[in-house]
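Report on one structure; see the data block that follows.
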Amino acid sequence: MAEEDEILMEVEAVEAVYGDDCIVLNRFPPHLHLHLKPRTADVDSQQFVEATIELRAGPQYPSDPPYVGIIGSKGLDEERQMHLSNSLHDKAQELTSCLMLVALCEDAVEILTSMNHPEGDCPLCLYPLVPEDSHSEVQPFMKLMSCFHCFHCECIVRWLTWIQKQNEASSGTSNTLSSDVDEENVLASGKLYLRKIMGSTAGNCPVCRKVFLAKDIEHVLNLVGSHNADSDVYEKELVEKVLQCDLETTRRQEFEAILKLQQQCGGLIEPPKNNVLYSRISVQDLVREANEMMNVEASEQQHTNQIVREEPESSSSSNQASRRACDARTRHRRGHTGIAEPASGVPPTGSTSGHRRHSGTRKHGKNQSRWQAKPCPKE
Amino acid sequence: MTTSSTQTRKALSKIAQLRLQKELEEWHDPPVGFKHKVSDNLQRWTIEVSGAPGTLYANETYQLQVDFPEHYPMEAPQVIFVPPAPAHPHIYSNGHICLDILYDSWSPAMTVSSICISILSMLSSSTSKQRPPDNDLYVNKCRNGRSPKETRWWFHDDKV
Ligand SMILES: [Zn+2]
Ligand SMILES: [Zn+2]
């Protein structure tokens, strides 16, 4: 049947365009999974959204439009996911009786491109990542590569510094908290500390608790410094260092260039309300730059980048958490459903609600103490 | 103990103030079952909780007292029930609440709202209005007014 041949060729065309991002589950009738990114996201740090969509055609395709569904996404809250899936559904209806697989994919990419900006508030300070009015100062923000959660640089650095301080205080092994450490020593002791935790988990995203790599933090910390008390002056210095690092400067230039180009070409992305997303920086960039600085073997860097890059594909479960958490409106649901999952192997006791009570580890500053597994406190 | 209680009294950092102002704004539209009692003290909030309909605590109201440390939200706030506290297997009669997110599972991405929702869900899932088995012992130990965050919980090290 000629039509079947055409459909088979169409599937081949999709494969040709999307390569490894296209998984063919069935050739006829076509059943495909496509991992789609915004058009402007060749540079990972400029990618804030992605989606995996499913196209499942029936035997009557193309007279019957295929089923279109989103099976995973990052950086998209429910509203934006809905927008994507509704648009694709409409498009499929509109194209009924045409071969539409390629067109649907292109449409999805187009929509992702138009949505390729982080949305909502920084989960740490609760102020918008991108100011809503163009008069406010734009603060640099960054993205965790594993889950696409975004934070103001200042906010995440403050938090990383804080947990590091807590860890040091509770392990009691470090004397690096003194305020008069000179710059070189700060870096050296920071590395020493991080070497200890290398290979183990390094940190958890404050929103979804997905682990990010020790190496990621190491280089963030290398660039921004790592110790000292939390005086305002010190924090200001941290942020200034982030802002001044060559990488950030390059990033801004690149982004402005891209934006200019886009505007000239009729604008692939129009940032919302005339805001320009000109400053952002990702952990991966920092890793890359720091690796270059430190002259780390190329193979090792490859390894890091691969790990970081592969993660997004494997995480439809983190997607749920991020969907929940990304949406500022549903923030109040987060504590229970999104975040409160046991960090250790201690099962929750007493009820089925998923909280851990009367169990687990508890650290407060220098008071290293623990919850016991059974009823609470004693002396 | 003395040191940390001074610490809790330390004034809010600039960052904590900004963050709390933002949270306060969002409390104009509070989560279902909660009411923020307006006061001009940013560092201590009093929140009224209504037991969810159809649970053991339906038609009951309780007061939560939330105290914010200098470095909120890096540090968790101290959250207790103002006695009389609801009878619950994880709530002591002095109002201290045994809930992981208030201590080791705290994350700075959590908010007063998310804590409140967790506490309400803890109440709602309860099947008996009972105090923790060690209630008397614990409450007795806390007579000097220490905070649950300062409590030296019975501790054993990794080897035990
Ligand atoms: Zn922030
Ligand atoms: Zn995350």
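Going through the structure tokens in order, the chains are called A, B, and so on, while each chain numbers its residues from 1 and the ligands are numbered from 1 in the order shown.
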Surroundings of ligand 2 up to 8 Å, based on only C-alpha atoms and all ligand atoms, as an mmCIF file with all heavy atoms, in the first residue's frame:
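Result written to pocket-v2.cif:
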data_model
loop_
_atom_site.group_PDB
_atom_site.id
_atom_site.type_symbol
_atom_site.label_atom_id
_atom_site.label_comp_id
_atom_site.auth_asym_id
_atom_site.auth_seq_id
_atom_site.Cartn_x
_atom_site.Cartn_y
_atom_site.Cartn_z
ATOM 1 N N LEU A 144 20.505 24.460 37.961
ATOM 2 C CA LEU A 144 21.129 23.172 38.251
ATOM 3 C C LEU A 144 20.885 22.262 37.060
ATOM 4 O O LEU A 144 19.748 22.102 36.611
ATOM 5 C CB LEU A 144 20.537 22.563 39.526
ATOM 6 C CG LEU A 144 20.853 23.302 40.826
ATOM 7 C CD1 LEU A 144 20.176 22.623 42.005
ATOM 8 C CD2 LEU A 144 22.347 23.400 41.056
ATOM 9 N N SER A 146 20.933 19.130 36.663
ATOM 10 C CA SER A 146 20.232 17.856 36.808
ATOM 11 C C SER A 146 18.718 18.008 36.805
ATOM 12 O O SER A 146 18.012 17.102 36.396
ATOM 13 C CB SER A 146 20.692 17.151 38.080
ATOM 14 O OG SER A 146 20.659 18.029 39.162
ATOM 15 N N CYS A 147 18.213 19.131 37.256
ATOM 16 C CA CYS A 147 16.759 19.228 37.375
ATOM 17 C C CYS A 147 16.181 20.495 36.748
ATOM 18 O O CYS A 147 14.967 20.654 36.711
ATOM 19 C CB CYS A 147 16.352 19.154 38.838
ATOM 20 S SG CYS A 147 17.125 20.419 39.854
ATOM 21 N N PHE A 148 17.033 21.393 36.293
ATOM 22 C CA PHE A 148 16.600 22.648 35.675
ATOM 23 C C PHE A 148 15.962 23.613 36.668
ATOM 24 O O PHE A 148 15.327 24.568 36.261
ATOM 25 C CB PHE A 148 15.613 22.405 34.518
ATOM 26 C CG PHE A 148 16.276 21.960 33.237
ATOM 27 C CD1 PHE A 148 17.430 21.210 33.253
ATOM 28 C CD2 PHE A 148 15.729 22.301 32.002
ATOM 29 C CE1 PHE A 148 18.033 20.794 32.065
ATOM 30 C CE2 PHE A 148 16.322 21.890 30.814
ATOM 31 C CZ PHE A 148 17.470 21.132 30.849
ATOM 32 N N HIS A 149 16.094 23.368 37.945
ATOM 33 C CA HIS A 149 15.611 24.381 38.878
ATOM 34 C C HIS A 149 16.572 25.563 38.866
ATOM 35 O O HIS A 149 17.779 25.389 38.816
ATOM 36 C CB HIS A 149 15.468 23.794 40.285
ATOM 37 C CG HIS A 149 14.240 22.949 40.410
ATOM 38 N ND1 HIS A 149 14.259 21.683 40.927
ATOM 39 C CD2 HIS A 149 12.962 23.199 40.040
ATOM 40 C CE1 HIS A 149 13.034 21.178 40.879
ATOM 41 N NE2 HIS A 149 12.228 22.070 40.338
ATOM 42 N N CYS A 150 15.986 26.743 38.888
ATOM 43 C CA CYS A 150 16.786 27.956 38.772
ATOM 44 C C CYS A 150 16.795 28.732 40.083
ATOM 45 O O CYS A 150 15.802 28.751 40.810
ATOM 46 C CB CYS A 150 16.221 28.848 37.671
ATOM 47 S SG CYS A 150 16.320 28.116 36.048
ATOM 48 N N ASN A 204 22.007 18.629 47.470
ATOM 49 C CA ASN A 204 20.691 18.344 46.938
ATOM 50 C C ASN A 204 20.051 19.652 46.525
ATOM 51 O O ASN A 204 20.222 20.665 47.180
ATOM 52 C CB ASN A 204 19.817 17.675 47.993
ATOM 53 C CG ASN A 204 20.412 16.369 48.467
ATOM 54 O OD1 ASN A 204 21.283 16.358 49.327
ATOM 55 N ND2 ASN A 204 19.994 15.291 47.874
ATOM 56 N N CYS A 205 19.326 19.568 45.449
ATOM 57 C CA CYS A 205 18.577 20.734 45.037
ATOM 58 C C CYS A 205 17.619 21.096 46.172
ATOM 59 O O CYS A 205 16.918 20.228 46.677
ATOM 60 C CB CYS A 205 17.794 20.427 43.768
ATOM 61 S SG CYS A 205 16.599 21.694 43.357
ATOM 62 N N PRO A 206 17.581 22.359 46.581
ATOM 63 C CA PRO A 206 16.704 22.717 47.689
ATOM 64 C C PRO A 206 15.226 22.502 47.362
ATOM 65 O O PRO A 206 14.412 22.394 48.269
ATOM 66 C CB PRO A 206 16.963 24.206 47.924
ATOM 67 C CG PRO A 206 18.108 24.587 47.081
ATOM 68 C CD PRO A 206 18.373 23.497 46.085
ATOM 69 N N VAL A 207 14.905 22.422 46.099
ATOM 70 C CA VAL A 207 13.494 22.270 45.737
ATOM 71 C C VAL A 207 13.108 20.800 45.623
ATOM 72 O O VAL A 207 12.190 20.327 46.279
ATOM 73 C CB VAL A 207 13.183 22.991 44.414
ATOM 74 C CG1 VAL A 207 11.742 22.737 43.994
ATOM 75 C CG2 VAL A 207 13.438 24.485 44.568
ATOM 76 N N CYS A 208 13.822 20.050 44.787
ATOM 77 C CA CYS A 208 13.393 18.673 44.524
ATOM 78 C C CYS A 208 14.311 17.659 45.190
ATOM 79 O O CYS A 208 14.055 16.473 45.126
ATOM 80 C CB CYS A 208 13.336 18.428 43.022
ATOM 81 S SG CYS A 208 14.943 18.511 42.220
ATOM 82 N N ARG A 209 15.380 18.119 45.793
ATOM 83 C CA ARG A 209 16.351 17.266 46.493
ATOM 84 C C ARG A 209 17.126 16.346 45.571
ATOM 85 O O ARG A 209 17.835 15.459 46.036
ATOM 86 C CB ARG A 209 15.688 16.455 47.605
ATOM 87 C CG ARG A 209 14.952 17.334 48.563
ATOM 88 C CD ARG A 209 15.018 16.892 49.989
ATOM 89 N NE ARG A 209 14.403 17.927 50.825
ATOM 90 C CZ ARG A 209 14.572 18.053 52.106
ATOM 91 N NH1 ARG A 209 15.350 17.231 52.736
ATOM 92 N NH2 ARG A 209 13.987 19.016 52.763
ATOM 93 N N LYS A 210 16.992 16.563 44.297
ATOM 94 C CA LYS A 210 17.805 15.773 43.380
ATOM 95 C C LYS A 210 19.270 16.119 43.634
ATOM 96 O O LYS A 210 19.641 17.270 43.792
ATOM 97 C CB LYS A 210 17.424 16.121 41.950
ATOM 98 C CG LYS A 210 17.847 15.076 40.937
ATOM 99 C CD LYS A 210 17.249 15.432 39.579
ATOM 100 C CE LYS A 210 17.976 14.737 38.457
ATOM 101 N NZ LYS A 210 17.620 13.350 38.282
ATOM 102 N N SER A 318 11.819 13.121 38.443
ATOM 103 C CA SER A 318 12.150 14.456 38.933
ATOM 104 C C SER A 318 11.226 15.468 38.284
ATOM 105 O O SER A 318 10.964 16.526 38.823
ATOM 106 C CB SER A 318 13.596 14.796 38.607
ATOM 107 O OG SER A 318 13.675 15.415 37.351
ATOM 108 N N ALA A 321 8.343 16.198 40.509
ATOM 109 C CA ALA A 321 8.664 17.078 41.618
ATOM 110 C C ALA A 321 8.856 18.487 41.123
ATOM 111 O O ALA A 321 8.389 19.449 41.718
ATOM 112 C CB ALA A 321 9.924 16.590 42.320
ATOM 113 N N SER A 322 9.534 18.621 39.990
ATOM 114 C CA SER A 322 9.830 19.964 39.549
ATOM 115 C C SER A 322 8.576 20.649 39.054
ATOM 116 O O SER A 322 8.397 21.835 39.246
ATOM 117 C CB SER A 322 10.908 19.936 38.462
ATOM 118 O OG SER A 322 10.435 19.285 37.329
#
**Item:** At most 9 Å from ligand 1 (only C-alpha atoms and all ligand atoms): residue list as a count of residues only
**Value:** 18
**Message:** Set the distance at 8 Å and use only C-alpha atoms: which residues neighbour B:Ile97 once local chain neighbours fewer than 2 positions away are removed? I'd like the list as a ChimeraX atom specification.
**Reply:** /B:79-81,90-92,95,99,148
Could the residues in this selection be written to a file with N, CA, C and O atoms, as a PDB file, in the first residue's frame?
ATOM      1  N   VAL B  79       8.951  25.904  65.296  1.00  0.00           N
ATOM      2  CA  VAL B  79       7.493  25.853  65.220  1.00  0.00           C
ATOM      3  C   VAL B  79       6.959  24.991  66.357  1.00  0.00           C
ATOM      4  O   VAL B  79       7.340  23.826  66.484  1.00  0.00           O
ATOM      5  N   ILE B  80       6.106  25.575  67.182  1.00  0.00           N
ATOM      6  CA  ILE B  80       5.470  24.798  68.251  1.00  0.00           C
ATOM      7  C   ILE B  80       3.988  25.148  68.337  1.00  0.00           C
ATOM      8  O   ILE B  80       3.568  26.209  67.862  1.00  0.00           O
ATOM      9  N   PHE B  81       3.235  24.250  68.907  1.00  0.00           N
ATOM     10  CA  PHE B  81       1.855  24.572  69.248  1.00  0.00           C
ATOM     11  C   PHE B  81       1.861  25.322  70.569  1.00  0.00           C
ATOM     12  O   PHE B  81       2.583  24.960  71.502  1.00  0.00           O
ATOM     13  N   HIS B  90       2.634  12.484  67.779  1.00  0.00           N
ATOM     14  CA  HIS B  90       3.906  13.143  67.508  1.00  0.00           C
ATOM     15  C   HIS B  90       3.959  14.565  68.047  1.00  0.00           C
ATOM     16  O   HIS B  90       4.829  15.341  67.674  1.00  0.00           O
ATOM     17  N   ILE B  91       2.996  14.899  68.884  1.00  0.00           N
ATOM     18  CA  ILE B  91       2.998  16.242  69.454  1.00  0.00           C
ATOM     19  C   ILE B  91       3.006  16.131  70.978  1.00  0.00           C
ATOM     20  O   ILE B  91       2.127  15.499  71.571  1.00  0.00           O
ATOM     21  N   TYR B  92       4.001  16.728  71.598  1.00  0.00           N
ATOM     22  CA  TYR B  92       4.114  16.693  73.055  1.00  0.00           C
ATOM     23  C   TYR B  92       3.174  17.718  73.671  1.00  0.00           C
ATOM     24  O   TYR B  92       2.815  18.713  73.024  1.00  0.00           O
ATOM     25  N   GLY B  95       3.700  21.323  73.366  1.00  0.00           N
ATOM     26  CA  GLY B  95       3.561  21.933  72.045  1.00  0.00           C
ATOM     27  C   GLY B  95       4.662  21.574  71.062  1.00  0.00           C
ATOM     28  O   GLY B  95       4.570  21.901  69.880  1.00  0.00           O
ATOM     29  N   LEU B  99       8.599  16.454  63.868  1.00  0.00           N
ATOM     30  CA  LEU B  99       8.357  16.413  62.423  1.00  0.00           C
ATOM     31  C   LEU B  99       9.673  16.731  61.728  1.00  0.00           C
ATOM     32  O   LEU B  99      10.274  17.774  61.951  1.00  0.00           O
ATOM     33  N   PRO B 148      12.501  23.227  71.091  1.00  0.00           N
ATOM     34  CA  PRO B 148      12.731  21.890  70.524  1.00  0.00           C
ATOM     35  C   PRO B 148      13.996  21.842  69.683  1.00  0.00           C
ATOM     36  O   PRO B 148      14.611  20.794  69.523  1.00  0.00           O
TER      37      PRO B 148
END
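Between chain A and the candidates B:Asp40, B:Glu26, B:Glu48, B:Glu60, the tightest atom-to-atom separation, counting only C-alpha atoms, involves B:Glu26.
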**Message:** At a cut-off of 10 Å, using only C-alpha atoms, what residues contact A:Val102? Leave out same-chain residues fewer than 2 positions from it and give the result as a list in words.
**Reply:**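 That gives Glu10, Val11, Ala13, Val14, Glu15, Val17, Tyr18, Leu99, Met100, Leu104, Cys105, Glu106, Asp107 and Ala108 of chain A.
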Output all heavy atoms for every residue in that selection, as a short mmCIF file (atom, residue, chain, number, x, y, z; two decimals), in the first residue's frame.
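Contents of the output file part-v7.cif:
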data_model
loop_
_atom_site.label_atom_id
_atom_site.label_comp_id
_atom_site.auth_asym_id
_atom_site.auth_seq_id
_atom_site.Cartn_x
_atom_site.Cartn_y
_atom_site.Cartn_z
N GLU A 10 7.97 8.81 6.29
CA GLU A 10 7.82 9.93 7.21
C GLU A 10 8.55 9.66 8.52
O GLU A 10 9.24 10.52 9.07
CB GLU A 10 6.33 10.21 7.47
CG GLU A 10 6.12 11.54 8.16
CD GLU A 10 4.74 11.70 8.76
OE1 GLU A 10 4.01 10.69 8.90
OE2 GLU A 10 4.40 12.83 9.13
N VAL A 11 8.40 8.43 9.01
CA VAL A 11 9.09 8.06 10.24
C VAL A 11 10.60 8.20 10.06
O VAL A 11 11.30 8.72 10.92
CB VAL A 11 8.71 6.63 10.67
CG1 VAL A 11 9.58 6.16 11.83
CG2 VAL A 11 7.24 6.56 11.05
N ALA A 13 12.06 10.21 8.10
CA ALA A 13 12.37 11.64 8.07
C ALA A 13 12.50 12.19 9.49
O ALA A 13 13.43 12.93 9.81
CB ALA A 13 11.29 12.41 7.31
N VAL A 14 11.58 11.80 10.35
CA VAL A 14 11.66 12.26 11.74
C VAL A 14 12.96 11.78 12.37
O VAL A 14 13.67 12.54 13.03
CB VAL A 14 10.45 11.75 12.57
CG1 VAL A 14 10.59 12.17 14.03
CG2 VAL A 14 9.15 12.26 11.99
N GLU A 15 13.30 10.52 12.12
CA GLU A 15 14.55 9.99 12.66
C GLU A 15 15.74 10.78 12.15
O GLU A 15 16.67 11.08 12.89
CB GLU A 15 14.72 8.53 12.22
CG GLU A 15 14.02 7.54 13.09
CD GLU A 15 14.32 6.12 12.61
OE1 GLU A 15 13.92 5.81 11.47
OE2 GLU A 15 14.93 5.35 13.38
N VAL A 17 15.85 13.86 11.20
CA VAL A 17 15.92 15.21 11.78
C VAL A 17 16.35 15.16 13.24
O VAL A 17 17.20 15.94 13.67
CB VAL A 17 14.56 15.94 11.67
CG1 VAL A 17 14.61 17.28 12.38
CG2 VAL A 17 14.18 16.11 10.21
N TYR A 18 15.80 14.22 14.00
CA TYR A 18 16.00 14.27 15.45
C TYR A 18 17.04 13.28 15.97
O TYR A 18 17.38 13.31 17.15
CB TYR A 18 14.66 14.13 16.18
CG TYR A 18 13.79 15.33 15.90
CD1 TYR A 18 12.81 15.30 14.90
CD2 TYR A 18 14.00 16.53 16.58
CE1 TYR A 18 12.04 16.42 14.62
CE2 TYR A 18 13.24 17.65 16.30
CZ TYR A 18 12.26 17.59 15.31
OH TYR A 18 11.53 18.70 15.03
N LEU A 99 0.18 13.93 6.41
CA LEU A 99 1.26 13.33 7.19
C LEU A 99 1.83 14.45 8.05
O LEU A 99 2.30 15.46 7.53
CB LEU A 99 2.33 12.75 6.26
CG LEU A 99 1.85 11.58 5.41
CD1 LEU A 99 2.97 11.10 4.49
CD2 LEU A 99 1.36 10.43 6.29
N MET A 100 1.76 14.27 9.35
CA MET A 100 1.99 15.43 10.21
C MET A 100 3.06 15.22 11.26
O MET A 100 3.30 16.09 12.09
CB MET A 100 0.69 15.79 10.91
CG MET A 100 0.22 14.69 11.85
SD MET A 100 -1.27 15.14 12.74
CE MET A 100 -2.53 14.58 11.60
N LEU A 104 4.37 18.20 13.60
CA LEU A 104 4.08 18.25 15.03
C LEU A 104 5.35 18.46 15.86
O LEU A 104 5.37 19.25 16.79
CB LEU A 104 3.37 16.98 15.47
CG LEU A 104 1.90 16.84 15.03
CD1 LEU A 104 1.36 15.47 15.43
CD2 LEU A 104 1.05 17.95 15.63
N CYS A 105 6.39 17.75 15.47
CA CYS A 105 7.66 17.92 16.19
C CYS A 105 8.16 19.34 16.05
O CYS A 105 8.60 19.96 17.03
CB CYS A 105 8.73 16.98 15.65
SG CYS A 105 8.35 15.25 15.93
N GLU A 106 8.08 19.85 14.85
CA GLU A 106 8.57 21.21 14.64
C GLU A 106 7.76 22.21 15.44
O GLU A 106 8.30 23.15 16.02
CB GLU A 106 8.53 21.57 13.15
CG GLU A 106 9.72 21.01 12.42
CD GLU A 106 9.71 21.32 10.93
OE1 GLU A 106 8.73 21.95 10.47
OE2 GLU A 106 10.66 20.92 10.25
N ASP A 107 6.48 21.95 15.48
CA ASP A 107 5.62 22.82 16.27
C ASP A 107 6.01 22.80 17.74
O ASP A 107 6.09 23.83 18.41
CB ASP A 107 4.18 22.35 16.12
CG ASP A 107 3.24 23.51 15.96
OD1 ASP A 107 3.56 24.40 15.13
OD2 ASP A 107 2.21 23.55 16.67
N ALA A 108 6.26 21.59 18.23
CA ALA A 108 6.64 21.45 19.64
C ALA A 108 7.93 22.21 19.92
O ALA A 108 8.04 22.92 20.92
CB ALA A 108 6.79 19.98 20.00
#
**Request:** Between B:Gly145, B:Gly54, B:Pro77, B:Pro31, single out the one closest to chain A, counting only C-alpha atoms.
**Result:**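 Selected residue with least distance to chain A: B:Pro31.
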**Asked** Pick from B:His96, B:Leu102, B:Glu75, B:Leu120: nearest to B:Val139, with only C-alpha atoms counted?
**Response**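 Comparing B:His96, B:Leu102, B:Glu75, B:Leu120 against B:Val139, the winner is B:His96.
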**Request:** Figure out the distance between atom CA of B:Gln65 and atom CA of B:Lys10, please, to one decimal in Å.
**Result:** 17.2 Å
Interface, chain B side, toward chain A (8 Å; only C-alpha atoms) as a tab-separated table (two decimals) with C-alpha atoms, in the first residue's frame:
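iface.tsv was written with the following content:
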chain	number	residue	atom	x	y	z
B	15	ILE	CA	17.89	38.53	53.87
B	18	LEU	CA	13.11	40.40	52.83
B	19	ARG	CA	12.09	36.80	52.58
B	22	LYS	CA	7.50	38.21	50.80
B	23	GLU	CA	5.96	35.28	52.66
B	31	PRO	CA	-3.53	27.99	52.76
B	73	PRO	CA	15.56	30.42	55.62
B	74	MET	CA	18.98	28.79	55.83
B	89	PRO	CA	1.28	10.71	68.80
B	90	HIS	CA	3.91	13.14	67.51
B	98	CYS	CA	8.25	15.82	66.15
B	99	LEU	CA	8.36	16.41	62.42
B	100	ASP	CA	11.46	15.93	60.33
B	101	ILE	CA	11.10	18.96	58.08
B	103	TYR	CA	14.82	19.82	61.88
B	104	ASP	CA	17.11	17.75	59.71
B	105	SER	CA	14.93	17.66	56.62
B	107	SER	CA	15.21	23.00	53.11
B	108	PRO	CA	15.40	26.73	52.47
B	109	ALA	CA	12.91	26.26	49.64
B	110	MET	CA	10.25	25.45	52.24
B	111	THR	CA	8.04	28.16	53.54
B	113	SER	CA	2.91	27.69	54.21
B	114	SER	CA	4.54	24.42	53.35
B	115	ILE	CA	5.27	23.73	57.02
B	117	ILE	CA	0.39	22.13	55.25
B	118	SER	CA	2.66	19.39	56.54
B	121	SER	CA	-1.56	16.67	57.05
B	122	MET	CA	0.13	15.12	60.07
B	125	SER	CA	-3.64	11.33	59.13
B	126	SER	CA	-3.81	10.62	62.85
B	132	PRO	CA	3.85	10.29	72.43
B	133	PRO	CA	4.73	7.44	74.82
B	134	ASP	CA	7.57	9.46	76.38
B	137	LEU	CA	9.56	12.47	80.61
B	138	TYR	CA	10.23	14.83	77.74
B	151	THR	CA	16.83	19.91	72.81
B	152	ARG	CA	19.67	17.49	73.14
B	153	TRP	CA	17.87	14.58	71.66
B	154	TRP	CA	18.92	11.23	72.95
B	155	PHE	CA	21.83	10.53	70.78
B	156	HIS	CA	23.92	7.67	69.71
B	157	ASP	CA	26.77	7.79	67.30
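Surrounding stretch 61-66 of chain A within 7 Å are Leu55, Ala92, Gln93, Thr96, Ser97, Cys98 and Leu99 of chain A, with only C-alpha atoms counted and residues fewer than 6 positions along the same chain left out.
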Could the residues in this selection be written to a file with N, CA, C and O atoms, as a short mmCIF file (atom, residue, chain, number, x, y, z; two decimals), in the first residue's frame?
data_model
loop_
_atom_site.label_atom_id
_atom_site.label_comp_id
_atom_site.auth_asym_id
_atom_site.auth_seq_id
_atom_site.Cartn_x
_atom_site.Cartn_y
_atom_site.Cartn_z
N LEU A 55 4.22 10.45 20.27
CA LEU A 55 3.30 10.48 19.13
C LEU A 55 2.90 9.04 18.83
O LEU A 55 3.76 8.19 18.58
N ALA A 92 -2.64 18.82 15.62
CA ALA A 92 -2.92 17.50 15.06
C ALA A 92 -4.31 17.45 14.43
O ALA A 92 -4.50 16.88 13.35
N GLN A 93 -5.28 18.06 15.09
CA GLN A 93 -6.63 18.11 14.54
C GLN A 93 -6.64 18.87 13.21
O GLN A 93 -7.23 18.44 12.23
N THR A 96 -5.34 16.96 10.20
CA THR A 96 -5.95 15.66 9.94
C THR A 96 -5.91 15.33 8.45
O THR A 96 -6.18 16.20 7.61
N SER A 97 -5.53 14.09 8.16
CA SER A 97 -5.39 13.53 6.82
C SER A 97 -4.12 14.00 6.11
O SER A 97 -3.85 13.57 4.98
N CYS A 98 -3.30 14.81 6.75
CA CYS A 98 -1.95 15.07 6.20
C CYS A 98 -0.96 14.25 7.01
O CYS A 98 -1.21 13.93 8.17
N LEU A 99 0.18 13.93 6.41
CA LEU A 99 1.26 13.33 7.19
C LEU A 99 1.83 14.45 8.05
O LEU A 99 2.30 15.46 7.53
#
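We find atom CA of B:Gly33 and atom CA of B:Gly51 to be spaced 7.1 Å apart.
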